[in-house]
>>> print(open('run04.pdb').read())   # PDB, C-alpha atoms
ATOM      1  CA  MET A1129      -4.309  -7.834 -24.980
ATOM      2  CA  SER A1130      -7.128  -5.573 -23.919
ATOM      3  CA  THR A1131     -10.097  -7.139 -22.150
ATOM      4  CA  SER A1132     -12.254  -4.022 -21.839
ATOM      5  CA  THR A1133     -15.784  -3.703 -23.204
ATOM      6  CA  LEU A1134     -17.800  -0.785 -24.476
ATOM      7  CA  THR A1135     -20.743   0.283 -22.371
ATOM      8  CA  PHE A1136     -23.153   3.157 -22.882
ATOM      9  CA  PRO A1137     -22.760   6.049 -22.176
ATOM     10  CA  ASP A1138     -19.161   5.661 -20.868
ATOM     11  CA  ARG A1139     -18.249   4.051 -24.142
ATOM     12  CA  VAL A1140     -14.708   4.755 -25.215
ATOM     13  CA  ASN A1141     -11.368   5.286 -23.478
ATOM     14  CA  HIS A1142      -7.711   4.309 -23.862
ATOM     15  CA  LEU A1143      -8.492   0.732 -22.715
ATOM     16  CA  THR A1144     -11.065   0.132 -25.449
ATOM     17  CA  ASN A1145     -10.112  -2.911 -27.514
ATOM     18  CA  ALA A1146     -10.299  -0.925 -30.738
ATOM     19  CA  ASP A1147      -8.929  -2.511 -33.906
ATOM     20  CA  LEU A1148      -8.988   0.211 -36.539
ATOM     21  CA  HIS A1149      -6.741  -1.221 -39.235
ATOM     22  CA  CYS A1150      -7.340  -4.429 -41.195
ATOM     23  CA  HIS A1151      -7.933  -5.628 -44.750
ATOM     24  CA  SER A1152     -10.459  -7.819 -46.558
ATOM     25  CA  LYS A1153     -10.517  -9.511 -49.967
ATOM     26  CA  VAL A1154     -11.739  -6.199 -51.356
ATOM     27  CA  SER A1155      -8.058  -5.145 -51.268
ATOM     28  CA  ASP A1156      -5.224  -7.490 -50.246
ATOM     29  CA  GLY A1157      -6.683  -9.502 -47.368
ATOM     30  CA  THR A1158      -7.878 -13.092 -47.706
ATOM     31  CA  LEU A1159     -11.205 -12.932 -45.810
ATOM     32  CA  GLU A1160     -14.524 -11.392 -46.783
ATOM     33  CA  PRO A1161     -15.719  -8.372 -44.751
ATOM     34  CA  GLU A1162     -18.350 -10.493 -43.000
ATOM     35  CA  ALA A1163     -15.757 -13.057 -41.915
ATOM     36  CA  LEU A1164     -13.528 -10.287 -40.574
ATOM     37  CA  ALA A1165     -16.425  -8.848 -38.559
ATOM     38  CA  ALA A1166     -17.082 -12.271 -37.036
ATOM     39  CA  ARG A1167     -13.375 -12.776 -36.267
ATOM     40  CA  ALA A1168     -13.126  -9.361 -34.650
ATOM     41  CA  LYS A1169     -16.166 -10.036 -32.485
ATOM     42  CA  ALA A1170     -14.920 -13.503 -31.491
ATOM     43  CA  ASN A1171     -11.510 -12.066 -30.540
ATOM     44  CA  GLY A1172     -12.966  -9.475 -28.184
ATOM     45  CA  VAL A1173     -12.743  -6.372 -30.369
ATOM     46  CA  THR A1174     -15.133  -3.737 -29.055
ATOM     47  CA  LEU A1175     -14.695  -1.088 -31.762
ATOM     48  CA  TRP A1176     -13.821  -2.121 -35.304
ATOM     49  CA  ALA A1177     -12.953  -0.585 -38.681
ATOM     50  CA  LEU A1178     -12.220  -2.224 -42.020
ATOM     51  CA  THR A1179      -9.530  -0.197 -43.810
ATOM     52  CA  ASP A1180      -8.991  -1.640 -47.284
ATOM     53  CA  HIS A1181      -6.359  -0.042 -49.499
ATOM     54  CA  ASP A1182      -7.692   2.855 -51.597
ATOM     55  CA  GLU A1183     -11.187   1.337 -51.723
ATOM     56  CA  VAL A1184     -14.425   1.559 -49.737
ATOM     57  CA  ALA A1185     -16.463  -1.049 -51.640
ATOM     58  CA  GLY A1186     -16.497  -3.315 -48.576
ATOM     59  CA  GLN A1187     -17.674  -0.676 -46.125
ATOM     60  CA  GLN A1188     -21.423  -1.287 -46.217
ATOM     61  CA  ARG A1189     -20.915  -5.035 -45.910
ATOM     62  CA  ALA A1190     -18.566  -4.567 -42.966
ATOM     63  CA  LEU A1191     -20.915  -2.096 -41.293
ATOM     64  CA  ASP A1192     -23.968  -4.323 -41.706
ATOM     65  CA  ALA A1193     -22.104  -7.411 -40.466
ATOM     66  CA  ALA A1194     -20.649  -5.598 -37.455
ATOM     67  CA  LEU A1195     -23.976  -4.158 -36.316
ATOM     68  CA  ALA A1196     -25.675  -7.553 -36.738
ATOM     69  CA  LEU A1197     -23.070  -8.956 -34.341
ATOM     70  CA  GLY A1198     -23.488  -6.106 -31.842
ATOM     71  CA  LEU A1199     -20.063  -4.686 -32.707
ATOM     72  CA  PRO A1200     -19.652  -0.877 -32.898
ATOM     73  CA  TYR A1201     -18.167   0.197 -36.214
ATOM     74  CA  LEU A1202     -16.194   3.065 -37.772
ATOM     75  CA  THR A1203     -15.850   3.423 -41.518
ATOM     76  CA  GLY A1204     -12.258   3.158 -42.681
ATOM     77  CA  VAL A1205      -9.837   3.250 -45.602
ATOM     78  CA  GLU A1206      -6.051   3.168 -46.007
ATOM     79  CA  VAL A1207      -4.913   5.658 -48.640
ATOM     80  CA  SER A1208      -1.558   5.245 -50.403
ATOM     81  CA  VAL A1209       0.391   8.507 -50.487
ATOM     82  CA  SER A1210       3.755   9.455 -52.030
ATOM     83  CA  PHE A1211       5.933  11.477 -49.656
ATOM     84  CA  ALA A1212       9.683  12.135 -49.804
ATOM     85  CA  GLY A1213      10.227   9.266 -52.226
ATOM     86  CA  GLN A1214       8.365   6.685 -50.168
ATOM     87  CA  VAL A1215       4.852   5.257 -50.007
ATOM     88  CA  VAL A1216       3.141   6.395 -46.813
ATOM     89  CA  HIS A1217      -0.237   5.100 -45.692
ATOM     90  CA  ILE A1218      -2.886   7.380 -44.238
ATOM     91  CA  VAL A1219      -5.839   5.742 -42.507
ATOM     92  CA  GLY A1220      -9.130   7.580 -42.778
ATOM     93  CA  LEU A1221     -11.753   6.875 -40.111
ATOM     94  CA  GLY A1222     -15.354   7.871 -39.519
ATOM     95  CA  PHE A1223     -16.113   9.362 -42.941
ATOM     96  CA  ASP A1224     -19.203   9.169 -45.158
ATOM     97  CA  HIS A1225     -18.403   6.194 -47.374
ATOM     98  CA  HIS A1226     -20.817   7.473 -50.046
ATOM     99  CA  ASN A1227     -19.025  10.830 -50.417
ATOM    100  CA  GLU A1228     -18.416  11.344 -54.144
ATOM    101  CA  PRO A1229     -15.194  13.426 -53.974
ATOM    102  CA  LEU A1230     -13.677  10.733 -51.723
ATOM    103  CA  LEU A1231     -14.787   7.987 -54.110
ATOM    104  CA  ALA A1232     -13.393   9.873 -57.094
ATOM    105  CA  GLY A1233     -10.064  10.449 -55.370
ATOM    106  CA  LEU A1234      -9.720   6.791 -54.480
ATOM    107  CA  ARG A1235     -10.580   5.744 -58.045
ATOM    108  CA  ALA A1236      -7.797   7.984 -59.325
ATOM    109  CA  THR A1237      -5.338   6.530 -56.826
ATOM    110  CA  ARG A1238      -6.182   2.988 -57.913
ATOM    111  CA  GLY A1239      -5.899   3.872 -61.590
ATOM    112  CA  GLY A1240      -2.258   2.972 -62.210
ATOM    113  CA  ARG A1241      -2.191  -0.389 -60.472
ATOM    114  CA  GLU A1242      -2.864  -2.588 -63.523
ATOM    115  CA  GLN A1243      -0.069  -1.089 -65.617
ATOM    116  CA  ARG A1244       2.280  -1.284 -62.653
ATOM    117  CA  ALA A1245       1.357  -4.955 -62.154
ATOM    118  CA  ARG A1246       2.060  -5.780 -65.796
ATOM    119  CA  GLU A1247       5.460  -4.103 -65.526
ATOM    120  CA  MET A1248       6.172  -6.098 -62.356
ATOM    121  CA  ALA A1249       5.295  -9.312 -64.207
ATOM    122  CA  ALA A1250       7.598  -8.341 -67.081
ATOM    123  CA  GLY A1251      10.449  -7.826 -64.645
ATOM    124  CA  LEU A1252       9.838 -11.217 -63.055
ATOM    125  CA  ALA A1253       9.696 -12.860 -66.490
ATOM    126  CA  GLN A1254      13.211 -11.571 -67.184
ATOM    127  CA  VAL A1255      14.509 -13.692 -64.295
ATOM    128  CA  GLY A1256      12.594 -16.779 -65.402
ATOM    129  CA  ILE A1257       9.287 -16.417 -63.529
ATOM    130  CA  LYS A1258       6.592 -16.703 -66.182
ATOM    131  CA  ASP A1259       2.883 -15.781 -66.055
ATOM    132  CA  ALA A1260       3.193 -13.871 -62.782
ATOM    133  CA  TYR A1261       0.446 -11.402 -63.691
ATOM    134  CA  GLU A1262      -2.056 -14.179 -64.368
ATOM    135  CA  GLY A1263      -0.914 -16.006 -61.247
ATOM    136  CA  ALA A1264      -1.335 -12.925 -59.066
ATOM    137  CA  LEU A1265      -4.830 -12.317 -60.453
ATOM    138  CA  LYS A1266      -5.997 -15.577 -58.872
ATOM    139  CA  TYR A1267      -5.608 -13.931 -55.468
ATOM    140  CA  VAL A1268      -7.267 -10.629 -56.343
ATOM    141  CA  GLY A1269     -10.808  -9.906 -55.210
ATOM    142  CA  ASN A1270     -10.811  -6.576 -57.073
ATOM    143  CA  PRO A1271      -8.521  -6.373 -60.156
ATOM    144  CA  GLU A1272      -8.229  -2.590 -59.684
ATOM    145  CA  LEU A1273      -6.358  -3.311 -56.454
ATOM    146  CA  ILE A1274      -3.769  -5.819 -57.641
ATOM    147  CA  SER A1275      -0.687  -5.344 -55.468
ATOM    148  CA  ARG A1276       2.683  -6.746 -54.503
ATOM    149  CA  THR A1277       0.979  -8.908 -51.880
ATOM    150  CA  HIS A1278      -0.961 -10.754 -54.590
ATOM    151  CA  PHE A1279       2.260 -11.394 -56.519
ATOM    152  CA  ALA A1280       3.876 -12.607 -53.304
ATOM    153  CA  ARG A1281       1.113 -15.134 -52.693
ATOM    154  CA  PHE A1282       1.526 -16.484 -56.232
ATOM    155  CA  LEU A1283       5.311 -16.786 -55.889
ATOM    156  CA  VAL A1284       4.946 -18.751 -52.661
ATOM    157  CA  GLU A1285       2.304 -21.051 -54.158
ATOM    158  CA  ALA A1286       4.454 -21.612 -57.252
ATOM    159  CA  GLY A1287       7.407 -22.628 -55.065
ATOM    160  CA  HIS A1288       9.727 -19.746 -55.891
ATOM    161  CA  CYS A1289       9.932 -18.717 -52.218
ATOM    162  CA  SER A1290       9.065 -20.305 -48.891
ATOM    163  CA  ASP A1291       7.078 -17.362 -47.510
ATOM    164  CA  ILE A1292       5.928 -13.846 -48.309
ATOM    165  CA  SER A1293       8.808 -12.198 -46.456
ATOM    166  CA  GLU A1294      11.290 -14.010 -48.699
ATOM    167  CA  VAL A1295       9.370 -12.895 -51.794
ATOM    168  CA  PHE A1296       9.610  -9.231 -50.843
ATOM    169  CA  ARG A1297      13.267  -9.589 -49.916
ATOM    170  CA  ARG A1298      14.255 -11.275 -53.202
ATOM    171  CA  TYR A1299      11.872  -9.826 -55.779
ATOM    172  CA  LEU A1300       9.543  -6.999 -54.759
ATOM    173  CA  THR A1301      11.567  -4.272 -53.035
ATOM    174  CA  GLU A1302      13.482  -1.435 -54.676
ATOM    175  CA  GLY A1303      16.291  -2.695 -56.896
ATOM    176  CA  LYS A1304      14.826  -6.203 -57.238
ATOM    177  CA  PRO A1305      13.427  -7.724 -60.469
ATOM    178  CA  GLY A1306       9.714  -7.330 -59.678
ATOM    179  CA  TYR A1307       9.780  -3.849 -58.157
ATOM    180  CA  VAL A1308       8.052  -1.026 -60.017
ATOM    181  CA  GLU A1309       7.543   2.366 -58.445
ATOM    182  CA  HIS A1310       4.043   3.836 -58.536
ATOM    183  CA  ARG A1311       3.006   7.441 -58.036
ATOM    184  CA  TRP A1312       0.283   7.517 -55.404
ATOM    185  CA  ALA A1313      -1.919  10.333 -54.104
ATOM    186  CA  ARG A1314      -0.439  13.513 -52.708
ATOM    187  CA  LEU A1315      -0.688  13.889 -48.944
ATOM    188  CA  GLY A1316      -2.757  17.059 -49.127
ATOM    189  CA  ASP A1317      -5.231  15.487 -51.551
ATOM    190  CA  ALA A1318      -5.727  12.367 -49.429
ATOM    191  CA  MET A1319      -6.239  14.490 -46.342
ATOM    192  CA  ARG A1320      -8.801  16.661 -48.106
ATOM    193  CA  TRP A1321     -10.813  13.642 -49.299
ATOM    194  CA  ILE A1322     -10.995  12.193 -45.793
ATOM    195  CA  LEU A1323     -11.704  15.407 -43.915
ATOM    196  CA  GLU A1324     -14.276  16.753 -46.356
ATOM    197  CA  ALA A1325     -16.120  13.422 -46.112
ATOM    198  CA  GLY A1326     -16.448  14.026 -42.352
ATOM    199  CA  GLY A1327     -13.643  11.752 -41.187
ATOM    200  CA  GLN A1328     -10.337  12.012 -39.370
ATOM    201  CA  ALA A1329      -6.886  11.030 -40.638
ATOM    202  CA  VAL A1330      -4.194   8.904 -38.989
ATOM    203  CA  ILE A1331      -0.583   8.205 -40.008
ATOM    204  CA  ALA A1332      -0.416   4.410 -40.283
ATOM    205  CA  HIS A1333       2.410   2.306 -38.766
ATOM    206  CA  PRO A1334       5.021   5.098 -38.708
ATOM    207  CA  ALA A1335       7.871   2.792 -37.673
ATOM    208  CA  ARG A1336       7.673   1.002 -41.027
ATOM    209  CA  TYR A1337       9.000   3.957 -43.014
ATOM    210  CA  SER A1338      12.726   4.429 -43.483
ATOM    211  CA  PHE A1339      12.656   8.183 -43.024
ATOM    212  CA  THR A1340      15.458  10.172 -41.484
ATOM    213  CA  PRO A1341      14.448  12.146 -38.370
ATOM    214  CA  THR A1342      14.221  15.263 -40.532
ATOM    215  CA  GLU A1343      11.979  13.555 -43.094
ATOM    216  CA  GLU A1344       9.738  12.118 -40.378
ATOM    217  CA  TYR A1345       9.423  15.554 -38.798
ATOM    218  CA  ALA A1346       8.457  16.937 -42.220
ATOM    219  CA  LEU A1347       5.816  14.237 -42.672
ATOM    220  CA  ILE A1348       4.249  14.825 -39.271
ATOM    221  CA  THR A1349       4.246  18.603 -39.506
ATOM    222  CA  GLU A1350       2.816  18.614 -43.039
ATOM    223  CA  PHE A1351       0.196  16.052 -41.969
ATOM    224  CA  ILE A1352      -0.838  18.341 -39.092
ATOM    225  CA  ALA A1353      -0.849  21.383 -41.385
ATOM    226  CA  HIS A1354      -3.377  19.582 -43.603
ATOM    227  CA  GLY A1355      -5.633  18.895 -40.603
ATOM    228  CA  GLY A1356      -4.313  15.503 -39.490
ATOM    229  CA  ARG A1357      -5.053  14.574 -35.890
ATOM    230  CA  GLY A1358      -3.901  10.995 -35.297
ATOM    231  CA  ILE A1359      -0.999   8.525 -35.410
ATOM    232  CA  GLU A1360      -0.936   4.745 -34.988
ATOM    233  CA  VAL A1361       0.979   3.930 -31.831
ATOM    234  CA  VAL A1362       0.052   0.288 -31.247
ATOM    235  CA  THR A1363      -0.109  -1.757 -34.452
ATOM    236  CA  GLY A1364       0.788  -5.204 -35.717
ATOM    237  CA  SER A1365       4.174  -4.208 -37.142
ATOM    238  CA  HIS A1366       5.297  -2.148 -34.130
ATOM    239  CA  SER A1367       7.524  -3.574 -31.424
ATOM    240  CA  ASP A1368       7.160  -2.496 -27.810
ATOM    241  CA  ALA A1369      10.028  -0.074 -28.417
ATOM    242  CA  ASP A1370       8.223   1.360 -31.450
ATOM    243  CA  ALA A1371       5.052   1.811 -29.407
ATOM    244  CA  ALA A1372       7.039   3.605 -26.701
ATOM    245  CA  LYS A1373       8.710   5.860 -29.276
ATOM    246  CA  TYR A1374       5.446   6.855 -30.951
ATOM    247  CA  THR A1375       3.744   7.349 -27.614
ATOM    248  CA  GLU A1376       6.282  10.113 -27.054
ATOM    249  CA  THR A1377       5.824  11.365 -30.621
ATOM    250  CA  ALA A1378       2.062  11.607 -30.140
ATOM    251  CA  LEU A1379       2.569  13.573 -26.939
ATOM    252  CA  GLU A1380       5.200  15.846 -28.491
ATOM    253  CA  PHE A1381       2.984  16.789 -31.433
ATOM    254  CA  ALA A1382      -0.343  16.707 -29.537
ATOM    255  CA  LEU A1383      -1.608  13.903 -31.784
ATOM    256  CA  LEU A1384      -4.358  11.475 -30.861
ATOM    257  CA  ALA A1385      -3.380   7.808 -30.753
ATOM    258  CA  SER A1386      -4.781   4.997 -32.840
ATOM    259  CA  ARG A1387      -4.512   1.231 -32.624
ATOM    260  CA  GLY A1388      -4.929  -1.509 -35.233
ATOM    261  CA  SER A1389      -3.600  -4.959 -36.019
ATOM    262  CA  ASP A1390      -3.145  -4.421 -39.807
ATOM    263  CA  PHE A1391      -4.560  -7.945 -40.100
ATOM    264  CA  HIS A1392      -4.626  -9.432 -43.619
ATOM    265  CA  SER A1393      -4.860 -13.198 -43.259
ATOM    266  CA  PRO A1394      -4.927 -15.973 -40.631
ATOM    267  CA  GLU A1395      -1.962 -17.589 -42.406
ATOM    268  CA  GLU A1396       0.137 -14.479 -43.008
ATOM    269  CA  SER A1397      -0.449 -11.901 -40.278
ATOM    270  CA  ARG A1398       1.633 -12.080 -37.131
ATOM    271  CA  THR A1399      -0.962 -10.148 -35.107
ATOM    272  CA  ASP A1400      -4.595 -11.269 -35.110
ATOM    273  CA  LEU A1401      -7.579  -8.974 -34.797
ATOM    274  CA  GLY A1402      -8.072  -7.869 -31.193
ATOM    275  CA  GLN A1403      -4.699  -9.159 -29.947
ATOM    276  CA  LEU A1404      -2.922  -5.838 -29.421
ATOM    277  CA  LYS A1405      -1.669  -4.291 -26.207
ATOM    278  CA  ASP A1406      -3.552  -1.338 -24.726
ATOM    279  CA  LEU A1407      -2.684   2.261 -25.431
ATOM    280  CA  SER A1408      -0.871   4.116 -22.696
ATOM    281  CA  GLY A1409      -3.111   6.014 -20.315
ATOM    282  CA  ARG A1410      -0.998   9.082 -21.102
ATOM    283  CA  LEU A1411      -2.536   9.203 -24.583
ATOM    284  CA  SER A1412      -5.860  10.449 -25.881
ATOM    285  CA  PRO A1413      -7.342   7.936 -28.356
ATOM    286  CA  ILE A1414      -8.596   8.992 -31.779
ATOM    287  CA  TRP A1415     -11.904   7.215 -31.193
ATOM    288  CA  GLN A1416     -12.884   9.707 -28.503
ATOM    289  CA  LEU A1417     -12.798  12.428 -31.166
ATOM    290  CA  LEU A1418     -14.856  10.151 -33.439
ATOM    291  CA  ASP A1419     -17.500   9.167 -30.872
ATOM    292  CA  THR A1420     -20.322  10.780 -32.861
ATOM    293  CA  ARG A1421     -19.138   8.990 -36.034
ATOM    294  CA  ILE A1422     -19.303   5.507 -34.506
ATOM    295  CA  HIS A1423     -22.118   3.297 -35.780
ATOM    296  CA  TRP A1424     -23.605   1.796 -32.637
ATOM    297  CA  PRO A1425     -25.660  -1.431 -32.575
ATOM    298  CA  PRO A1426     -29.296  -0.844 -31.611
ATOM    299  CA  ALA A1427     -28.833  -2.255 -28.107
ATOM    300  CA  ALA A1428     -26.120   0.313 -27.343
ATOM    301  CA  ARG A1429     -28.514   3.169 -28.076
ATOM    302  CA  GLN A1430     -31.031   2.149 -25.440
TER     303      GLN A1430
END
>>> encode(input="run04.pdb", output="structure tokens")
Amino acid sequence: MSTSTLTFPDRVNHLTNADLHCHSKVSDGTLEPEALAARAKANGVTLWALTDHDEVAGQQRALDAALALGLPYLTGVEVSVSFAGQVVHIVGLGFDHHNEPLLAGLRATRGGREQRAREMAAGLAQVGIKDAYEGALKYVGNPELISRTHFARFLVEAGHCSDISEVFRRYLTEGKPGYVEHRWARLGDAMRWILEAGGQAVIAHPARYSFTPTEEYALITEFIAHGGRGIEVVTGSHSDADAAKYTETALEFALLASRGSDFHSPEESRTDLGQLKDLSGRLSPIWQLLDTRIHWPPAARQ
């Protein structure tokens, strides 16, 4: 875990304890933005971003809470993208969270979630699990963002599975009773929304996708062609071997490195906010490119 702190003016480097990927109740996390800010600060995070799925409604709350705690903040969002038959996540950082084209694009991306959720519930009902849609809604802070994670929490609470991993394995992955495919944003559209709002884009947790080497190469090269500059190297779902692999990938493609726990919940997430290993000194971190987009607490400006 990193133990570095941000100081002014030598503020950001590869040892910065940046956590630029986590989720609140606004999407599929279990904590409010203010509670996440406090947890990040308590855990030694020195640069933070809230990155809810396809939604920026929690950004002002997160920003205000972070600055009140003396915690530098970057705006963030995790956009769901369809690419080569899979859902890929693109993290946007440092954008104007009031930008109307970005807001409109995210609204469109969220639009099909309710119908998808009702179809998931119908599939679960066919194998004897009743009222799954209503059960999942109990865990949803924003009904527009109902997701598989909310269904998973209901199925655990109702005793159908012992934990969320078992739920996904038995019910919510392709070919299982509760799986319904959804068409997300196109990569080029998501990139345009982020970049035109003044931000930078990052490929989230690349080791999680089951791409062939050729498909991964296509993703990275198309991402770069659309103006993408970053890739998550150190993240909650990456092993040390994954981090080593994507360190080399970042160097090969001249990408900047990002870092984030992908924290959702104290009970569910295996990596807490601020508990990640440092980036390699061979890498250039994305936050150096975003230095002018960081919201600094008043004391840091003195």
>>> axis_aligned_box(input="run04.pdb", around="region 1246-1255 of chain A", padding_each_side="4 Å", output="AutoDock Vina command-line options")
--center_x 8.3 --center_y -8.9 --center_z -64.8 --size_x 20.4 --size_y 17.6 --size_z 12.8
>>> closest_residue(input="run04.pdb", among="A:Leu1221, A:Ala1196, A:Val1216, A:Ala1146", to="Gly1172 (chain A)", atoms="all atoms listed in the file")
A:Ala1146
>>> residues_around(input="run04.pdb", residues="Leu1404 (chain A)", least_positions_apart="3", cutoff="9 Å", atoms="all atoms listed in the file", output="ChimeraX atom specification")
/A:1129-1130,1145-1147,1362-1364,1387-1389,1399-1401
>>> resolve_selection(input="run04.pdb", expression="the PyMOL selection byres ((chain A and resi 1350) around 12)", output="list in words")
Phe1211, Ala1212, Arg1314, Leu1315, Gly1316, Met1319, Ile1331, Glu1343, Glu1344, Tyr1345, Ala1346, Leu1347, Ile1348, Thr1349, Phe1351, Ile1352, Ala1353, His1354, Gly1355, Gly1356, Arg1357 and Phe1381 of chain A
>>> write_last_selection(input="run04.pdb", atoms="C-alpha atoms", output="compact mmCIF listing (two decimals), in the coordinates of the input")
# COMPACT_ATOMS: atom_id res chain seq x y z
CA PHE A 1211 5.93 11.48 -49.66
CA ALA A 1212 9.68 12.14 -49.80
CA ARG A 1314 -0.44 13.51 -52.71
CA LEU A 1315 -0.69 13.89 -48.94
CA GLY A 1316 -2.76 17.06 -49.13
CA MET A 1319 -6.24 14.49 -46.34
CA ILE A 1331 -0.58 8.20 -40.01
CA GLU A 1343 11.98 13.56 -43.09
CA GLU A 1344 9.74 12.12 -40.38
CA TYR A 1345 9.42 15.55 -38.80
CA ALA A 1346 8.46 16.94 -42.22
CA LEU A 1347 5.82 14.24 -42.67
CA ILE A 1348 4.25 14.82 -39.27
CA THR A 1349 4.25 18.60 -39.51
CA PHE A 1351 0.20 16.05 -41.97
CA ILE A 1352 -0.84 18.34 -39.09
CA ALA A 1353 -0.85 21.38 -41.38
CA HIS A 1354 -3.38 19.58 -43.60
CA GLY A 1355 -5.63 18.90 -40.60
CA GLY A 1356 -4.31 15.50 -39.49
CA ARG A 1357 -5.05 14.57 -35.89
CA PHE A 1381 2.98 16.79 -31.43
>>> closest_residue(input="run04.pdb", among="A:Asp1370, A:Asp1180, A:Glu1380, A:Glu1309", to="Cys1150 (chain A)", atoms="all atoms listed in the file")
A:Asp1180
>>> atom_distance(input="run04.pdb", atom1="CA of Leu1199 (chain A)", atom2="CA of Leu1143 (chain A)")
16.2 Å
>>> closest_residue(input="run04.pdb", among="A:Leu1384, A:Cys1289, A:Leu1418, A:Ala1332", to="Phe1223 (chain A)", atoms="all atoms listed in the file")
A:Leu1418
>>> closest_residue(input="run04.pdb", among="A:His1288, A:Lys1304, A:Arg1241, A:Arg1235", to="Lys1258 (chain A)", atoms="only C-alpha atoms")
A:His1288
>>> residues_around(input="run04.pdb", residues="Tyr1267 (chain A)", least_positions_apart="5", cutoff="10 Å", atoms="all atoms listed in the file", output="ChimeraX atom specification")
/A:1153,1156-1158,1262,1274-1275,1277-1282
>>> write_last_selection(input="run04.pdb", atoms="C-alpha atoms", output="PDB file, keeping the file's coordinate frame")
ATOM      1  CA  LYS A1153     -10.517  -9.511 -49.967  1.00  0.00           C
ATOM      2  CA  ASP A1156      -5.224  -7.490 -50.246  1.00  0.00           C
ATOM      3  CA  GLY A1157      -6.683  -9.502 -47.368  1.00  0.00           C
ATOM      4  CA  THR A1158      -7.878 -13.092 -47.706  1.00  0.00           C
ATOM      5  CA  GLU A1262      -2.056 -14.179 -64.368  1.00  0.00           C
ATOM      6  CA  ILE A1274      -3.769  -5.819 -57.641  1.00  0.00           C
ATOM      7  CA  SER A1275      -0.687  -5.344 -55.468  1.00  0.00           C
ATOM      8  CA  THR A1277       0.979  -8.908 -51.880  1.00  0.00           C
ATOM      9  CA  HIS A1278      -0.961 -10.754 -54.590  1.00  0.00           C
ATOM     10  CA  PHE A1279       2.260 -11.394 -56.519  1.00  0.00           C
ATOM     11  CA  ALA A1280       3.876 -12.607 -53.304  1.00  0.00           C
ATOM     12  CA  ARG A1281       1.113 -15.134 -52.693  1.00  0.00           C
ATOM     13  CA  PHE A1282       1.526 -16.484 -56.232  1.00  0.00           C
TER      14      PHE A1282
END
>>> residues_around(input="run04.pdb", residues="Ile1218 (chain A)", least_positions_apart="3", cutoff="10 Å", atoms="all atoms listed in the file", output="ChimeraX atom specification")
/A:1181-1182,1205-1209,1215,1221,1315,1318-1319,1322,1329-1334,1351,1356,1358-1360
>>> decode(input="run04.pdb", residues="region 1201-1213 of chain A", atoms="N, CA and C atoms", output="compact mmCIF listing (two decimals), in the first residue's frame")
# COMPACT_ATOMS: atom_id res chain seq x y z
N TYR A 1201 -9.54 16.04 -5.43
CA TYR A 1201 -10.60 15.28 -6.09
C TYR A 1201 -10.56 15.46 -7.61
N LEU A 1202 -10.82 14.35 -8.33
CA LEU A 1202 -11.05 14.36 -9.77
C LEU A 1202 -12.46 13.85 -10.04
N THR A 1203 -13.19 14.53 -10.90
CA THR A 1203 -14.48 14.00 -11.31
C THR A 1203 -14.28 12.67 -12.04
N GLY A 1204 -15.29 11.80 -11.95
CA GLY A 1204 -15.15 10.49 -12.57
C GLY A 1204 -16.46 9.85 -12.94
N VAL A 1205 -16.42 8.93 -13.89
CA VAL A 1205 -17.56 8.13 -14.29
C VAL A 1205 -17.02 6.86 -14.95
N GLU A 1206 -17.79 5.77 -14.86
CA GLU A 1206 -17.43 4.53 -15.55
C GLU A 1206 -18.51 4.25 -16.58
N VAL A 1207 -18.16 4.34 -17.86
CA VAL A 1207 -19.12 4.22 -18.94
C VAL A 1207 -19.11 2.79 -19.48
N SER A 1208 -20.29 2.22 -19.63
CA SER A 1208 -20.43 0.86 -20.17
C SER A 1208 -20.45 0.92 -21.69
N VAL A 1209 -19.58 0.14 -22.31
CA VAL A 1209 -19.38 0.17 -23.75
C VAL A 1209 -19.48 -1.26 -24.31
N SER A 1210 -20.12 -1.42 -25.45
CA SER A 1210 -20.12 -2.72 -26.14
C SER A 1210 -18.97 -2.75 -27.13
N PHE A 1211 -18.14 -3.81 -27.03
CA PHE A 1211 -17.01 -3.95 -27.96
C PHE A 1211 -16.73 -5.43 -28.17
N ALA A 1212 -16.76 -5.85 -29.42
CA ALA A 1212 -16.44 -7.23 -29.80
C ALA A 1212 -17.25 -8.24 -28.99
N GLY A 1213 -18.54 -7.93 -28.79
CA GLY A 1213 -19.43 -8.85 -28.11
C GLY A 1213 -19.32 -8.87 -26.61
